[in-house]
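Asks: Structure in structure tokens, see below.
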Amino acid sequence: MKSRTLCAVVVSVLSAVSGWTTPGAAQVPGPNNAITDVPGIRVGHFTVPDSTGATVVLAEGTNGQGVGASVTQRGGAPGTRETDLLRPENMVEIVNAVVLSGGSAYGIAAASGVMSCLEGQHVGFPVGGGNVVPIVPAAVYADAGRCGGAARPDFSSGLAACSAAASGPVPQGNVGAGAGALAGSVKGGIGTASVVLDNGVIIGALVALNSLGSPYDDRGNLYAASSQLGNEFTRLIPSQGAQPKVAKIPPVPAIGRGTNVVVATNVALTKAQAIKVAEMADDGVARAVRPAHSPYDSDTLFAIGTARLPIASLGDPAIVQHQIGAAAADVVARAVVHAVLNAQTTSCHQNYCDSFPNACRNTK
């Protein structure tokens with residue numbers, strides 16, 4: 001009893017001196033319930049329907065240039081670009097964009113198109129003589145849910161996605177990097193979510209869900225449905241006895257699946273701080289998809305801070321990191337649910353609601 005009392009006192013003191021909030025403290029989604037609720041973030045898609053695509057998250061700092069960022073990579077089958085640059089000991093401190101793409105390793109080419117787009121706006125790391133090199137990390141996976149065709153995201157795909165990038169509502173489901181995605185055995189896709197904390201911290205996540213693991217249990221209930229804020233998952237009906245009704249589909253190669261994610265916050269983050277936020281946020285993937293981080297998944301998560309709030313203005317930086325990382329894990333889990341619910345049935349794969357009609361309202 002004494003130890004519980006002491007714990008309560010410590011929590012009270014931390015809350016008073018730092019603005020730290022405990023899990024369950026006042027939290028609401030942002031106006032778009034999307035990663036674009038974070039100031040400085042824009043999202044664009046390039047889509048080849050039922051096949052492949054690329055998604056770009058543009059990140060603009062207060063100076064019109066890049067923002068602090070880092071990455072965690074836990075899947076055993078990654079396809080990445082510029083992730084070594086995000087290690088704290090390496091020189092460049094900012095990124096200008098992050099690309100998530102289908103197309104397996106070929107899809108990395110989309111990042112070059114984003115570079116060209118940003119170079120034309122004179123956005124990037126200055127290298128002298130008025131020249132810049134845009135810093136554009138990327139993560140890719142194979143399109144496990146494509147319905148034939150040989151299209152791959154390329155330079156022009158990245159250029160188009162960058163040119164289409166916008167703030168405001170973010171298209172979800174079978175768009176961009178989600179066009180050819182599966183989630184276990186049902187259609188995967190793009191999902192996003194956000195949260196605004198009571199101290200002004202905003203956190204958003206964008207998920208490209210192409211996981212080998214399943215987002216639902218053997219009765220069809222989504223693992224992360226309980227993470228909802230308010231009634232954002234009103235389409236779901238808890239299932240007590242439904243049996244899986246997933247359509248039989250030809251086996252697909254396990255290699256190259258994965259859940260690739262971008263998490264953003266309006267708080268300024270160094271690369272070292274962003275690593276810890278990324279590691280904590282990545283737990284949201286494991287809460288929403290089982291199994292996660294397998295030898296066959298890419299599972300890469302980028303964390304970026306757009307520096308609208310100095311971290312020191314919020315209190316002890318370590319406590320603020322804790323707050324952001326803990327909240328970000330929930331936002332990622334919610335974004336996975338939105339990816340599942342926004343995915344549409346294609347000619348070759350059913351979506352979640354068509355596979356489990358008793359679990360969804362208004363499926364038609």
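Residues in the structure tokens are numbered from 1 in each chain, the chains being A, B, ... in the order shown, and ligands are numbered from 1 in the order shown.
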Could you write out, as a ChimeraX atom specification, all the residues of range 35-229 of chain A that DSSP marks as helix (DSSP H, G or I)?

Replies: /A:35-37,84-86,104-119,155-163,176-178,225-227

Asks: Could you pull out all residues of range 107-293 of chain A with a DSSP call of strand (DSSP E or B) and give them as a PyMOL selection string?

Replies: chain A and resi 125-128+131-133+138-140+166+173+182-183+186-187+189-197+202-210+214+216+222+236+257-267+290

Asks: For range 22-54 of chain A versus range 295-313 of chain A, which residues have an atom no more than 8 Å away, and what is each residue's nearest atom pair and distance in Å rounded to one decimal, using only C-alpha atoms, chain-then-number order, as a tab-separated table?

Replies:
```
residue	atom	partner	partner_atom	distance
A:Val38	CA	A:Thr306	CA	7.7
A:Pro39	CA	A:Thr306	CA	7.0
A:Gly40	CA	A:Thr306	CA	6.2
A:Ile41	CA	A:Thr306	CA	7.9
```

Asks: Taking only C-alpha atoms into account, name the residue in A:Ala329, A:Val263, A:Val56, A:Leu100 that is nearest to Leu118 in chain A.

Replies: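 Closest to Leu118 in chain A of all the choices is A:Val56.
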
Asks: How close does each residue of range 16-131 of chain A get to range 210-225 of chain A, giving the shortest atom pair and distance in Å to one decimal for every residue with an atom at most 12 Å away, counting only C-alpha atoms, sorted by chain and residue number, as JSON lines?

Replies:
```
{"residue": "A:Thr52", "atom": "CA", "partner": "A:Asn210", "partner_atom": "CA", "distance": 11.5}
{"residue": "A:Gly75", "atom": "CA", "partner": "A:Ser211", "partner_atom": "CA", "distance": 10.4}
{"residue": "A:Gly76", "atom": "CA", "partner": "A:Leu212", "partner_atom": "CA", "distance": 11.7}
{"residue": "A:Ala77", "atom": "CA", "partner": "A:Leu212", "partner_atom": "CA", "distance": 11.3}
{"residue": "A:Leu100", "atom": "CA", "partner": "A:Asn210", "partner_atom": "CA", "distance": 11.4}
{"residue": "A:Ser101", "atom": "CA", "partner": "A:Asn210", "partner_atom": "CA", "distance": 10.8}
{"residue": "A:Gly102", "atom": "CA", "partner": "A:Asn210", "partner_atom": "CA", "distance": 9.3}
{"residue": "A:Gly103", "atom": "CA", "partner": "A:Asn210", "partner_atom": "CA", "distance": 12.0}
{"residue": "A:Ser104", "atom": "CA", "partner": "A:Asn210", "partner_atom": "CA", "distance": 11.7}
```

Asks: When you look at Thr234 in chain A with a cut-off of 12 Å (counting only C-alpha atoms), what residues show up, excluding the ones that are within fewer than 5 positions of it in the same chain? I need them as a PyMOL selection string.

Replies: chain A and resi 225-226+228-229+337-338+341+359-362

Asks: Counting only C-alpha atoms, which residue out of A:Val140, A:Ala59, A:Val340, A:Leu269 sits closest to Arg235 in chain A?

Replies: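 Between A:Val140, A:Ala59, A:Val340, A:Leu269, the residue approaching Arg235 in chain A most closely is A:Val340.
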
Asks: With only C-alpha atoms as the atoms that count, which of A:Gly128, A:Pro169, A:Gly53, A:Pro134 lies nearest to Pro153 in chain A?

Replies: A:Gly53

Asks: Restricting the calculation to only C-alpha atoms: of A:Val48, A:Cys162, A:Leu85, A:Ala183, which residue gets closest to Gly149 in chain A?

Replies: A:Val48

Asks: For Asn342 in chain A, which residue out of A:Asn266, A:Thr192, A:Asn199, A:Ser157 is the nearest one, using only C-alpha atoms?

Replies: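 The answer is A:Thr192, which sits nearest to Asn342 in chain A.
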
Asks: For CA of Ala111 in chain A and CA of Gln321 in chain A, determine how far apart the two atoms are, in Å to one decimal place.

Replies: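 So the answer is 29.0 Å.
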